[in-house]
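Q: Just one file: query-v4.tsv, with TSV, C-alpha atoms.
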```tsv
chain	number	residue	atom	x	y	z
A	1	MET	CA	136.54	39.79	78.22
A	2	ARG	CA	136.20	43.27	79.69
A	3	ARG	CA	138.62	45.97	78.55
A	4	PRO	CA	138.33	49.38	80.21
A	5	ARG	CA	139.74	52.46	78.52
A	6	THR	CA	140.22	55.80	80.24
A	7	LYS	CA	141.47	58.24	77.60
A	8	GLY	CA	139.82	61.67	77.81
A	9	GLY	CA	136.13	62.31	78.29
A	10	VAL	CA	133.96	62.94	81.33
A	11	THR	CA	131.12	60.41	80.97
A	12	ALA	CA	131.00	56.62	81.15
A	13	LEU	CA	129.90	54.31	78.33
A	14	THR	CA	129.91	50.53	77.91
A	15	ILE	CA	130.40	48.96	74.49
A	16	LEU	CA	129.10	45.46	73.86
A	17	ALA	CA	131.32	44.20	71.05
A	18	LEU	CA	130.00	41.47	68.76
A	19	GLY	CA	133.14	40.02	67.23
A	20	ASN	CA	136.48	41.79	66.97
A	21	VAL	CA	135.90	45.49	67.61
A	22	ARG	CA	139.34	47.14	67.55
A	23	PRO	CA	140.53	50.22	69.44
A	24	ASP	CA	140.78	52.18	66.17
A	25	ASP	CA	137.10	51.46	65.47
A	26	VAL	CA	136.05	53.32	68.64
A	27	ALA	CA	138.79	55.95	68.76
A	28	ALA	CA	136.24	58.77	68.50
A	29	LEU	CA	134.43	57.39	71.54
A	30	GLY	CA	137.67	56.87	73.43
A	31	ALA	CA	138.42	60.57	73.09
A	32	ARG	CA	135.09	61.51	74.68
A	33	PHE	CA	134.28	58.93	77.35
A	34	ALA	CA	136.05	58.02	80.57
A	35	PRO	CA	135.80	55.29	81.43
A	36	LEU	CA	135.02	53.59	78.13
A	37	GLU	CA	134.36	49.96	78.94
A	38	GLN	CA	134.33	47.26	76.29
A	39	ILE	CA	132.81	43.82	76.87
A	40	ASP	CA	133.66	41.38	74.09
A	41	LEU	CA	131.04	38.78	73.20
A	42	PRO	CA	132.42	35.72	71.39
A	43	VAL	CA	129.51	35.47	68.95
A	44	PRO	CA	129.40	35.67	65.14
A	45	PRO	CA	129.26	39.42	64.49
A	46	ARG	CA	126.62	39.25	61.73
A	47	ASP	CA	124.21	36.99	63.57
A	48	ALA	CA	120.85	38.38	64.64
A	49	MET	CA	121.12	39.48	68.26
A	50	ALA	CA	118.06	37.37	69.11
A	51	LEU	CA	120.20	34.25	68.56
A	52	HIS	CA	122.42	35.25	71.49
A	53	ARG	CA	119.97	36.65	74.02
A	54	ALA	CA	121.54	34.87	77.00
A	55	ALA	CA	125.05	36.17	76.26
A	56	ILE	CA	123.76	39.70	75.66
A	57	ASN	CA	121.72	39.62	78.88
A	58	ARG	CA	124.78	38.56	80.89
A	59	ALA	CA	126.90	41.29	79.31
A	60	ILE	CA	124.28	43.95	80.03
A	61	ASP	CA	124.06	42.78	83.66
A	62	ALA	CA	127.86	43.05	83.94
A	63	ALA	CA	128.09	46.50	82.33
A	64	ALA	CA	129.45	49.16	84.67
A	65	SER	CA	127.88	52.10	82.80
A	66	ASN	CA	124.26	53.18	82.53
A	67	TRP	CA	124.46	53.77	78.78
A	68	ILE	CA	125.29	50.83	76.52
A	69	LEU	CA	126.25	50.82	72.85
A	70	ILE	CA	126.25	47.63	70.77
A	71	LEU	CA	128.82	47.43	67.97
A	72	ARG	CA	129.47	44.69	65.46
A	73	GLU	CA	132.87	43.79	64.02
A	74	ARG	CA	134.06	46.25	61.31
A	75	GLU	CA	131.65	48.97	62.43
A	76	VAL	CA	133.15	52.34	63.31
A	77	THR	CA	131.92	55.52	64.94
A	78	ASP	CA	132.90	58.87	63.46
A	79	ASP	CA	133.22	62.16	65.36
A	80	SER	CA	129.69	63.27	64.58
A	81	LEU	CA	128.03	60.14	65.95
A	82	ALA	CA	130.40	60.09	68.93
A	83	ASP	CA	129.34	63.65	69.78
A	84	GLU	CA	125.69	62.65	69.54
A	85	ILE	CA	126.20	59.65	71.82
A	86	LEU	CA	128.07	61.80	74.34
A	87	ALA	CA	125.24	64.35	74.38
A	88	VAL	CA	122.74	61.57	75.10
A	89	ALA	CA	124.81	59.94	77.84
A	90	ALA	CA	125.69	63.22	79.54
A	91	GLU	CA	122.10	64.47	79.74
A	92	GLU	CA	120.53	63.99	83.16
A	93	ASN	CA	116.97	63.72	81.87
A	94	ALA	CA	117.24	62.01	78.51
A	95	LYS	CA	114.47	62.62	75.98
A	96	ALA	CA	114.63	58.94	75.04
A	97	TRP	CA	115.93	55.72	76.60
A	98	GLY	CA	116.73	53.91	73.38
A	99	TYR	CA	118.19	54.98	70.04
A	100	ARG	CA	117.97	53.23	66.70
A	101	ILE	CA	121.15	53.68	64.69
A	102	ARG	CA	121.44	53.08	60.95
A	103	VAL	CA	124.47	51.31	59.50
A	104	VAL	CA	125.95	52.69	56.28
A	105	PRO	CA	128.48	50.39	54.56
A	106	LEU	CA	131.66	51.97	53.22
A	107	TYR	CA	133.43	50.66	50.13
A	108	ALA	CA	136.86	52.10	49.31
A	109	GLY	CA	136.12	54.86	51.81
A	110	ARG	CA	132.81	55.93	50.24
A	111	PRO	CA	129.20	54.99	51.11
A	112	LEU	CA	127.51	52.09	49.38
A	113	ARG	CA	123.91	52.77	48.47
A	114	LEU	CA	122.29	49.37	48.55
A	115	GLY	CA	118.54	49.88	48.52
A	116	SER	CA	116.30	52.21	50.46
A	117	ALA	CA	117.32	53.71	53.78
A	118	ASN	CA	116.22	51.86	56.90
A	119	SER	CA	115.46	52.97	60.43
A	120	GLY	CA	118.25	50.86	61.91
A	121	GLU	CA	118.09	48.79	65.08
A	122	VAL	CA	118.32	49.71	68.76
A	123	ARG	CA	122.04	49.97	69.45
A	124	LEU	CA	122.21	52.65	72.18
A	125	PHE	CA	120.09	52.33	75.30
A	126	HIS	CA	119.95	52.91	79.04
A	127	LYS	CA	120.70	49.80	81.09
A	128	ARG	CA	117.91	50.39	83.60
A	129	HIS	CA	115.32	50.66	80.84
A	130	TYR	CA	116.36	47.48	79.03
A	131	LEU	CA	113.50	44.95	78.91
A	132	ARG	CA	115.28	41.63	79.10
A	133	PHE	CA	111.97	39.79	79.63
A	134	ALA	CA	110.15	41.38	76.69
A	135	ASN	CA	107.92	38.79	75.00
A	136	LYS	CA	108.69	36.45	77.93
A	137	GLY	CA	112.39	36.83	77.28
A	138	GLU	CA	112.17	35.66	73.67
A	139	TRP	CA	112.65	39.07	72.09
A	140	ASP	CA	113.48	39.50	68.41
A	141	GLU	CA	115.35	42.77	68.97
A	142	ILE	CA	116.51	44.92	71.88
A	143	ASN	CA	113.48	46.27	73.74
A	144	VAL	CA	113.50	49.40	75.89
A	145	GLN	CA	110.92	50.71	78.33
A	146	GLY	CA	110.12	54.28	77.34
A	147	THR	CA	110.71	56.39	74.27
A	148	VAL	CA	112.86	55.06	71.42
A	149	VAL	CA	114.01	57.43	68.65
A	150	ARG	CA	116.39	57.29	65.71
A	151	ALA	CA	119.85	58.75	66.09
A	152	GLN	CA	120.76	61.37	63.52
A	153	GLY	CA	124.15	59.95	62.64
A	154	PRO	CA	124.86	56.42	61.34
A	155	LEU	CA	127.46	53.83	62.14
A	156	HIS	CA	129.78	52.99	59.27
A	157	ALA	CA	130.54	49.38	58.37
A	158	ILE	CA	133.82	48.80	56.53
A	159	THR	CA	133.43	46.36	53.64
A	160	PHE	CA	136.64	46.50	51.57
A	161	ASP	CA	139.33	49.17	51.68
A	162	SER	CA	139.82	48.99	47.91
A	163	PRO	CA	138.50	47.20	44.80
A	164	MET	CA	141.78	45.27	44.75
A	165	ALA	CA	141.05	43.85	48.21
A	166	HIS	CA	137.53	43.01	47.05
A	167	ARG	CA	138.81	41.13	44.00
A	168	GLY	CA	141.35	39.26	46.10
A	169	TRP	CA	138.67	38.09	48.51
A	170	LEU	CA	136.42	36.91	45.66
A	171	GLU	CA	139.29	35.03	44.03
A	172	ARG	CA	139.72	33.09	47.28
A	173	THR	CA	136.06	32.46	48.09
A	174	ALA	CA	133.71	32.95	45.13
A	175	VAL	CA	132.28	30.25	42.88
A	176	PRO	CA	133.07	31.00	39.20
A	177	HIS	CA	130.11	31.97	36.99
A	178	SER	CA	129.60	32.06	33.26
A	179	ALA	CA	129.64	35.42	31.48
A	180	LEU	CA	125.85	35.35	31.10
A	181	ARG	CA	125.39	34.50	34.76
A	182	ARG	CA	127.66	37.40	35.76
A	183	VAL	CA	125.68	39.85	33.62
A	184	LEU	CA	122.37	38.66	35.09
A	185	LEU	CA	123.72	38.91	38.64
A	186	PHE	CA	124.97	42.43	38.06
A	187	LEU	CA	121.72	43.62	36.47
A	188	HIS	CA	119.61	42.03	39.19
A	189	ASP	CA	121.66	43.53	42.03
A	190	ALA	CA	121.85	46.96	40.39
A	191	VAL	CA	118.07	47.09	39.95
A	192	ALA	CA	117.42	45.76	43.47
A	193	ALA	CA	119.79	48.30	44.98
A	194	ARG	CA	118.45	51.13	42.82
A	195	ALA	CA	122.08	52.14	42.50
A	196	PHE	CA	123.11	55.04	40.29
A	197	ASP	CA	126.38	56.20	41.84
A	198	THR	CA	129.63	54.90	40.37
A	199	ASN	CA	131.02	53.58	43.67
A	200	THR	CA	128.05	51.27	44.26
A	201	LEU	CA	127.92	50.16	40.63
A	202	HIS	CA	131.66	49.41	40.73
A	203	TYR	CA	131.13	47.31	43.86
A	204	LEU	CA	128.27	45.36	42.26
A	205	TRP	CA	130.26	44.89	39.03
A	206	ILE	CA	133.14	43.26	40.91
A	207	GLU	CA	130.77	41.36	43.22
A	208	ALA	CA	129.14	39.76	40.18
A	209	GLY	CA	132.53	38.35	39.21
A	210	PHE	CA	133.81	40.83	36.67
A	211	ASP	CA	137.44	41.96	36.68
A	212	GLN	CA	138.61	39.04	38.81
A	213	GLY	CA	142.26	38.32	38.33
A	214	ARG	CA	143.25	41.97	38.11
A	215	SER	CA	145.90	42.63	40.72
A	216	ARG	CA	146.13	46.39	40.52
A	217	GLY	CA	144.03	49.48	40.31
A	218	ALA	CA	140.47	50.48	41.07
```
Can I see the file as C-alpha cells?

A:
Amino acid sequence: MRRPRTKGGVTALTILALGNVRPDDVAALGARFAPLEQIDLPVPPRDAMALHRAAINRAIDAAASNWILILREREVTDDSLADEILAVAAEENAKAWGYRIRVVPLYAGRPLRLGSANSGEVRLFHKRHYLRFANKGEWDEINVQGTVVRAQGPLHAITFDSPMAHRGWLERTAVPHSALRRVLLFLHDAVAARAFDTNTLHYLWIEAGFDQGRSRGA
C-alpha cells in the first residue's frame, strides 16, 4: 500500500516500510520532506532483505522519488538523522549514491550497547543507481552503483519502553529456566556484549529470566 504524506519540507523521499512503520516513527522526516511517500511491504520486518528481493524490486520500481529509505518496524528517525537525509536528498551532485546506516536499539529510552559497533547496511540510496541485477539478481544486500559511505547518524530501534513491559513480554513468551541456567545466560550475554553500562546490564538481567513476576518498577 502506498501512503503519501505532504506535511512541510521541500524535497521528495520514498520510504520502503518493512512491517508496520507508523507515522510517529517518521515524524521527523514528515516535517522535512514533501512529498513523503511510504510504500508498505507485507514482509516480516526482521527478515534479511535478500529473502524478499522480488518484493523490494517491485517497490523500488514503483517509488515516485529518486531517494529511497528502507525502514523496519519499530525503527525511528530522530531530527539529526532526518537533517542528514534531507541534506543528501537535496544535493544536486551527491558525494555518494548509497548510505549505510547503523541501527542502535533503545531500551527504556536509552541506548543498548550489545557488542561492538557495526557499519550498518545500505538503507538510503538513489533509485537510478540501485543494482537490482547485482550477482545476477541474487544479491545478499542492497547494491548501489557508485560510492557508498556510512551515514553519521543512526536509526533507533525501539525494544521495550520500560523494564515492566519487558518482563510482561517474557512472562507471556519465555521458557522458564532454573536459577543456575539464568545465571549462566546472564554471564554469557554480558561477556558477549561487553556491557558495562547499567541500562544494558539491566536489560540482560531481565532477559535471562530474573525479576519475572514483578509488576511494577524498573

Q: So which one's closest to Ile158 of chain A, A:Tyr107, A:Phe196, A:Phe33, A:Trp97? Using all atoms listed in the file, please.

A: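 Nearest to Ile158 of chain A: A:Tyr107.
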
Q: Work out how far atom CA of Arg102 of chain A is from atom CA of Pro42 of chain A, in Å to one decimal.

A: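 Separating atom CA of Pro42 of chain A from atom CA of Arg102 of chain A is a distance of 23.0 Å.
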
Q: I'd like the interatomic distance between atom CA of Ile206 of chain A and atom CA of Ile101 of chain A, to a tenth of an Å.

A: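 Atom-to-atom, atom CA of Ile206 of chain A to atom CA of Ile101 of chain A, that is 28.6 Å.
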
Q: Point out the residue among A:Arg46, A:Arg22, A:Arg113, A:Arg32 with the least atom-to-atom distance to Arg194 of chain A, counting all atoms listed in the file.

A: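 Smallest distance to Arg194 of chain A is found for A:Arg113.
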
Q: Using all atoms listed in the file - which residues lie no farther than 9 Å from the point (135.4, 35.2, 42.9) in the file's frame? Write them as a PyMOL selection string.

A: chain A and resi 167-177+206-210+212-213

Q: What are the centre and the three edge lengths of an axis-aligned box that wraps all atoms of segment 152-163 of chain A in the file, given that 6 Å is added to every side, written as JSON and rounded to one decimal in Å?

A:
```
{"center_x": 130.3, "center_y": 53.9, "center_z": 54.2, "size_x": 31.1, "size_y": 27.0, "size_z": 30.7}
```

Q: Select from segment 93-119 of chain A every residue with an atom at most 8 Å from any atom of segment 138-155 of chain A, then for each give the shortest pair of atoms and their distance in Å to one decimal, using only C-alpha atoms, rows by chain and rising number, as a Markdown table.

A:
```
| residue | atom | partner | partner_atom | distance |
| --- | --- | --- | --- | --- |
| A:Lys95 | CA | A:Thr147 | CA | 7.5 |
| A:Ala96 | CA | A:Thr147 | CA | 4.7 |
| A:Trp97 | CA | A:Thr147 | CA | 5.8 |
| A:Gly98 | CA | A:Val148 | CA | 4.5 |
| A:Tyr99 | CA | A:Val149 | CA | 5.0 |
| A:Arg100 | CA | A:Arg150 | CA | 4.5 |
| A:Ile101 | CA | A:Ala151 | CA | 5.4 |
| A:Arg102 | CA | A:Pro154 | CA | 4.8 |
| A:Val103 | CA | A:Leu155 | CA | 4.7 |
| A:Val104 | CA | A:Leu155 | CA | 6.2 |
| A:Ser119 | CA | A:Arg150 | CA | 6.9 |
```

Q: Mind listing whatever residues come within 7 Å of the point (122.1, 46.3, 77.2)? Use only C-alpha atoms, file coordinates, and give them as a list of chain:residue names.

A: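 The answer, in the requested form, is A:Ile56, A:Asn57, A:Ile60, A:Ile68, A:Phe125, A:Lys127, A:Tyr130.
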
Q: Near Tyr203 of chain A, counting only C-alpha atoms, which residues have an atom at most 12 Å away, once you skip same-chain residues fewer than 5 positions from it, shown as a PyMOL selection string?

A: chain A and resi 105-108+110-114+159-167+170+186+189-190+193+195-198+208-211+218

Q: Tell me, in Å to one decimal, how far atom CA of Arg72 of chain A is from atom CA of Gly30 of chain A.

A: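 These two atoms are separated by 16.7 Å.
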
Q: May I ask which of the residues A:Asp47, A:Trp67, A:Leu187, A:Ala34 is the closest one to Ile15 of chain A, counting all atoms listed in the file?

A: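 Smallest distance to Ile15 of chain A is found for A:Trp67.
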
Q: Between A:Ala54, A:Leu180, A:Leu71, A:Leu81, single out the one closest to Phe133 of chain A, counting only C-alpha atoms.

A: A:Ala54

Q: Between A:Ala90, A:Val43, A:Val183, A:Ala64, which is the closest to Arg128 of chain A once you count all atoms listed in the file?

A: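 For Arg128 of chain A, the nearest of the given residues is A:Ala64.
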
Q: Of the candidates A:Leu201, A:Ala50, A:Ala94, A:Ile70, which shows the shortest atom-to-atom distance to Gly19 of chain A, using only C-alpha atoms?

A: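 Going through A:Leu201, A:Ala50, A:Ala94, A:Ile70 one by one, the smallest distance to Gly19 of chain A is for A:Ile70.
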